[in-house]
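Structure record follows, encoded as structure tokens.
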Amino acid sequence: GPGGTIENPVLRGFNPDPAICRAGDDYYIATSTFQWWPAVQIHHSRDLVHWRLLTHGVTRVSQLDLRGNPDSGGVWSPDLTYTPASVRPNGTERPAQFWLVYSDVVSFTGAFKDTHNYVITAPSITGPWSEPVYLGSSGYDPSLFHDEDGKTYYLAMLQEFRPGRNQFAGITLQEFDTDAGKLVGPVHRIFAGTELGLTEAPNLYKRNGLYYLVTAEGGTFYGHAVTVARSA
């Protein structure tokens, strides 16, 4: 290709939980920043070989207040997506938009994880990014999936606090009304995970009419794995 041979890592240094997004000819990667500020580094590339730090998605305390958060708390596993300009079924235009979803982990004492999830939007990758919309605190590693019919869905891992149960209780999906800016309808647990356990970090994709759910399992240790589940 025009960029030459890819040599890993494409991002050197501290860039965990990368979420890659394509918008036309541009590629972006958003990464976890934990308690570092400004939050959510976003790198840019045109060839997937050469990357540069372009901007940060979270730059205001009104979007994320890290005061009192523990070490390694704060932003976990952000998700960056893009929806091109389109026309709704009612004939109104929907402008192009970037979506950034992130967790604010304010506590993880004992079995409990106090994780608040938010989404912000922007007309351009460099902003201005909106004030956050709260998406709930039932789990972490949230992401959005924009389906071909114009609907958007919110995914997250389900945190289970009751003793004797699997704390990583699976992956949930719920519709997100982009016009109203809120979650609507029932919550579906779409994947319980495999015997590897520690199921987290859901991302949903659609290809050739089938849906593919990509998750992380096995924990952030030597047993770490990527698991893919497919719709029927």
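Ligands are numbered from 1 in the order shown, chains are lettered A, B, ... in the order of the structure tokens, and residues start at 1 in each chain.
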Within 9 Å of segment 83-105 of chain A, which residues of segment 17-57 of chain A show up? Give each one with its shortest atom-to-atom distance in Å (one decimal) and the two atoms involved, counting only C-alpha atoms, rows by chain then rising residue number, as a Markdown table.
| residue | atom | partner | partner_atom | distance |
| --- | --- | --- | --- | --- |
| A:Ala23 | CA | A:Pro84 | CA | 7.7 |
| A:Gly24 | CA | A:Pro84 | CA | 8.7 |
| A:Ala30 | CA | A:Leu100 | CA | 8.7 |
| A:Ser32 | CA | A:Tyr102 | CA | 8.7 |
| A:Phe34 | CA | A:Val105 | CA | 8.4 |
| A:Val40 | CA | A:Tyr102 | CA | 8.6 |
| A:Gly57 | CA | A:Leu100 | CA | 7.4 |
Test item: residues at most 10 Å from Phe145 of chain A, only C-alpha atoms, excluding those fewer than 4 positions along its chain, as a PDB file with N, CA, C and O atoms, in the first residue's frame:
ATOM      1  N   ASP A  79     -15.370   4.085  23.397  1.00  0.00           N
ATOM      2  CA  ASP A  79     -15.796   3.588  22.087  1.00  0.00           C
ATOM      3  C   ASP A  79     -16.046   4.782  21.183  1.00  0.00           C
ATOM      4  O   ASP A  79     -16.750   5.721  21.567  1.00  0.00           O
ATOM      5  N   THR A  81     -17.363   5.969  17.351  1.00  0.00           N
ATOM      6  CA  THR A  81     -18.051   5.584  16.127  1.00  0.00           C
ATOM      7  C   THR A  81     -18.418   6.837  15.334  1.00  0.00           C
ATOM      8  O   THR A  81     -18.371   7.961  15.846  1.00  0.00           O
ATOM      9  N   TYR A  82     -18.799   6.611  14.086  1.00  0.00           N
ATOM     10  CA  TYR A  82     -19.128   7.704  13.172  1.00  0.00           C
ATOM     11  C   TYR A  82     -20.358   7.328  12.358  1.00  0.00           C
ATOM     12  O   TYR A  82     -20.474   6.188  11.876  1.00  0.00           O
ATOM     13  N   LYS A 151     -31.287   2.737  13.276  1.00  0.00           N
ATOM     14  CA  LYS A 151     -31.376   2.592  14.726  1.00  0.00           C
ATOM     15  C   LYS A 151     -29.988   2.430  15.341  1.00  0.00           C
ATOM     16  O   LYS A 151     -29.069   1.912  14.704  1.00  0.00           O
ATOM     17  N   THR A 152     -29.868   2.896  16.584  1.00  0.00           N
ATOM     18  CA  THR A 152     -28.611   2.791  17.315  1.00  0.00           C
ATOM     19  C   THR A 152     -28.842   1.985  18.584  1.00  0.00           C
ATOM     20  O   THR A 152     -29.878   2.131  19.247  1.00  0.00           O
ATOM     21  N   TYR A 153     -27.874   1.133  18.925  1.00  0.00           N
ATOM     22  CA  TYR A 153     -27.996   0.279  20.097  1.00  0.00           C
ATOM     23  C   TYR A 153     -26.796   0.473  21.019  1.00  0.00           C
ATOM     24  O   TYR A 153     -25.674   0.704  20.569  1.00  0.00           O
ATOM     25  N   TYR A 154     -27.068   0.349  22.313  1.00  0.00           N
ATOM     26  CA  TYR A 154     -26.066   0.522  23.358  1.00  0.00           C
ATOM     27  C   TYR A 154     -25.723  -0.840  23.948  1.00  0.00           C
ATOM     28  O   TYR A 154     -26.611  -1.608  24.314  1.00  0.00           O
ATOM     29  N   LEU A 155     -24.419  -1.149  24.006  1.00  0.00           N
ATOM     30  CA  LEU A 155     -23.955  -2.410  24.569  1.00  0.00           C
ATOM     31  C   LEU A 155     -23.046  -2.152  25.759  1.00  0.00           C
ATOM     32  O   LEU A 155     -22.326  -1.148  25.804  1.00  0.00           O
ATOM     33  N   LEU A 173     -27.782  -5.431  25.565  1.00  0.00           N
ATOM     34  CA  LEU A 173     -28.051  -4.555  24.436  1.00  0.00           C
ATOM     35  C   LEU A 173     -29.386  -3.856  24.670  1.00  0.00           C
ATOM     36  O   LEU A 173     -30.355  -4.476  25.113  1.00  0.00           O
ATOM     37  N   GLU A 175     -31.788  -0.340  22.904  1.00  0.00           N
ATOM     38  CA  GLU A 175     -31.856   0.702  21.884  1.00  0.00           C
ATOM     39  C   GLU A 175     -31.585   2.073  22.490  1.00  0.00           C
ATOM     40  O   GLU A 175     -32.027   2.373  23.598  1.00  0.00           O
ATOM     41  N   PHE A 176     -30.854   2.892  21.741  1.00  0.00           N
ATOM     42  CA  PHE A 176     -30.588   4.271  22.136  1.00  0.00           C
ATOM     43  C   PHE A 176     -31.259   5.189  21.120  1.00  0.00           C
ATOM     44  O   PHE A 176     -30.929   5.149  19.929  1.00  0.00           O
ATOM     45  N   ASN A 203     -18.285  -5.243  21.327  1.00  0.00           N
ATOM     46  CA  ASN A 203     -18.420  -4.440  20.110  1.00  0.00           C
ATOM     47  C   ASN A 203     -19.201  -5.245  19.097  1.00  0.00           C
ATOM     48  O   ASN A 203     -18.899  -6.421  18.858  1.00  0.00           O
ATOM     49  N   LEU A 204     -20.210  -4.624  18.483  1.00  0.00           N
ATOM     50  CA  LEU A 204     -21.095  -5.310  17.560  1.00  0.00           C
ATOM     51  C   LEU A 204     -20.849  -4.823  16.141  1.00  0.00           C
ATOM     52  O   LEU A 204     -20.721  -3.617  15.905  1.00  0.00           O
ATOM     53  N   TYR A 205     -20.797  -5.764  15.195  1.00  0.00           N
ATOM     54  CA  TYR A 205     -20.569  -5.444  13.789  1.00  0.00           C
ATOM     55  C   TYR A 205     -21.588  -6.207  12.936  1.00  0.00           C
ATOM     56  O   TYR A 205     -22.113  -7.238  13.362  1.00  0.00           O
ATOM     57  N   LYS A 206     -21.843  -5.707  11.737  1.00  0.00           N
ATOM     58  CA  LYS A 206     -22.743  -6.384  10.810  1.00  0.00           C
ATOM     59  C   LYS A 206     -22.044  -6.552   9.468  1.00  0.00           C
ATOM     60  O   LYS A 206     -21.486  -5.590   8.933  1.00  0.00           O
TER      61      LYS A 206
END
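The closest residue to Asn15 of chain A, picked from A:Gly219, A:Tyr211, A:Pro78, A:Asp65 and counting only C-alpha atoms, is A:Pro78.
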message = Residues near Phe14 of chain A, anyone? I mean within 9 Å using only C-alpha atoms, not counting same-chain ones fewer than 2 positions away, as JSON, numbers by chain.
response = {"A": [11, 12, 16, 31, 33]}
Where does DSSP see strand (DSSP E) in segment 86-165 of chain A, if you list the residues as a PDB file with C-alpha atoms, in the first residue's frame?
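Result file is part.pdb:
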ATOM      1  CA  SER A  86     -28.261  10.700   5.956  1.00  0.00           C
ATOM      2  CA  VAL A  87     -31.953  11.331   5.402  1.00  0.00           C
ATOM      3  CA  GLU A  93     -31.679  15.357   7.262  1.00  0.00           C
ATOM      4  CA  ARG A  94     -29.394  13.807   9.834  1.00  0.00           C
ATOM      5  CA  GLN A  97     -21.664  12.912  13.656  1.00  0.00           C
ATOM      6  CA  PHE A  98     -19.001  11.322  15.831  1.00  0.00           C
ATOM      7  CA  TRP A  99     -20.021   9.422  18.963  1.00  0.00           C
ATOM      8  CA  LEU A 100     -17.732   8.851  21.947  1.00  0.00           C
ATOM      9  CA  VAL A 101     -18.878   6.543  24.764  1.00  0.00           C
ATOM     10  CA  TYR A 102     -16.849   6.097  27.942  1.00  0.00           C
ATOM     11  CA  SER A 103     -17.008   4.787  31.503  1.00  0.00           C
ATOM     12  CA  ASP A 104     -16.082   6.850  34.556  1.00  0.00           C
ATOM     13  CA  VAL A 105     -14.940   4.332  37.162  1.00  0.00           C
ATOM     14  CA  VAL A 106     -15.186   6.104  40.504  1.00  0.00           C
ATOM     15  CA  SER A 107     -14.744   3.035  42.732  1.00  0.00           C
ATOM     16  CA  ASP A 114     -19.184   2.057  40.610  1.00  0.00           C
ATOM     17  CA  THR A 115     -19.049   2.777  36.883  1.00  0.00           C
ATOM     18  CA  HIS A 116     -21.006   5.582  35.271  1.00  0.00           C
ATOM     19  CA  ASN A 117     -21.324   5.506  31.488  1.00  0.00           C
ATOM     20  CA  TYR A 118     -21.770   8.496  29.184  1.00  0.00           C
ATOM     21  CA  VAL A 119     -21.945   9.450  25.509  1.00  0.00           C
ATOM     22  CA  ILE A 120     -20.825  12.705  23.913  1.00  0.00           C
ATOM     23  CA  THR A 121     -21.108  13.753  20.267  1.00  0.00           C
ATOM     24  CA  ALA A 122     -19.385  16.128  17.863  1.00  0.00           C
ATOM     25  CA  VAL A 133     -25.634  12.069  28.245  1.00  0.00           C
ATOM     26  CA  TYR A 134     -25.803   9.571  31.125  1.00  0.00           C
ATOM     27  CA  LEU A 135     -26.309   5.953  30.008  1.00  0.00           C
ATOM     28  CA  GLY A 136     -26.459   4.092  33.308  1.00  0.00           C
ATOM     29  CA  SER A 143     -20.163   0.856  23.017  1.00  0.00           C
ATOM     30  CA  LEU A 144     -22.649   1.924  20.355  1.00  0.00           C
ATOM     31  CA  PHE A 145     -23.749   0.045  17.237  1.00  0.00           C
ATOM     32  CA  HIS A 146     -25.402   1.942  14.391  1.00  0.00           C
ATOM     33  CA  THR A 152     -28.611   2.791  17.315  1.00  0.00           C
ATOM     34  CA  TYR A 153     -27.996   0.279  20.097  1.00  0.00           C
ATOM     35  CA  TYR A 154     -26.066   0.522  23.358  1.00  0.00           C
ATOM     36  CA  LEU A 155     -23.955  -2.410  24.569  1.00  0.00           C
ATOM     37  CA  ALA A 156     -22.180  -2.987  27.874  1.00  0.00           C
ATOM     38  CA  MET A 157     -20.964  -5.812  30.068  1.00  0.00           C
ATOM     39  CA  LEU A 158     -23.331  -6.680  32.926  1.00  0.00           C
ATOM     40  CA  GLN A 159     -21.814  -6.444  36.393  1.00  0.00           C
TER      41      GLN A 159
END
Please build the interface table for segment 114-153 of chain A against segment 44-55 of chain A with a cut-off of 10 Å, listing for each qualifying residue the nearest atom pair and the distance in Å to one decimal; count only C-alpha atoms, order rows by chain and increasing number, and write it as a Markdown table.
| residue | atom | partner | partner_atom | distance |
| --- | --- | --- | --- | --- |
| A:Ile125 | CA | A:Thr55 | CA | 7.9 |
| A:Thr126 | CA | A:Thr55 | CA | 6.2 |
| A:Gly127 | CA | A:Thr55 | CA | 8.9 |
Next, the residues of the selection above should be written as a PDB file, in the first residue's frame with C-alpha atoms.
ATOM      1  CA  ILE A 125     -13.435  14.711  15.369  1.00  0.00           C
ATOM      2  CA  THR A 126     -11.805  17.859  16.743  1.00  0.00           C
ATOM      3  CA  GLY A 127     -15.074  19.003  18.279  1.00  0.00           C
TER       4      GLY A 127
END
Atom CA of Glu148 of chain A to atom CA of Arg207 of chain A, straight-line distance in Å = 10.6 Å
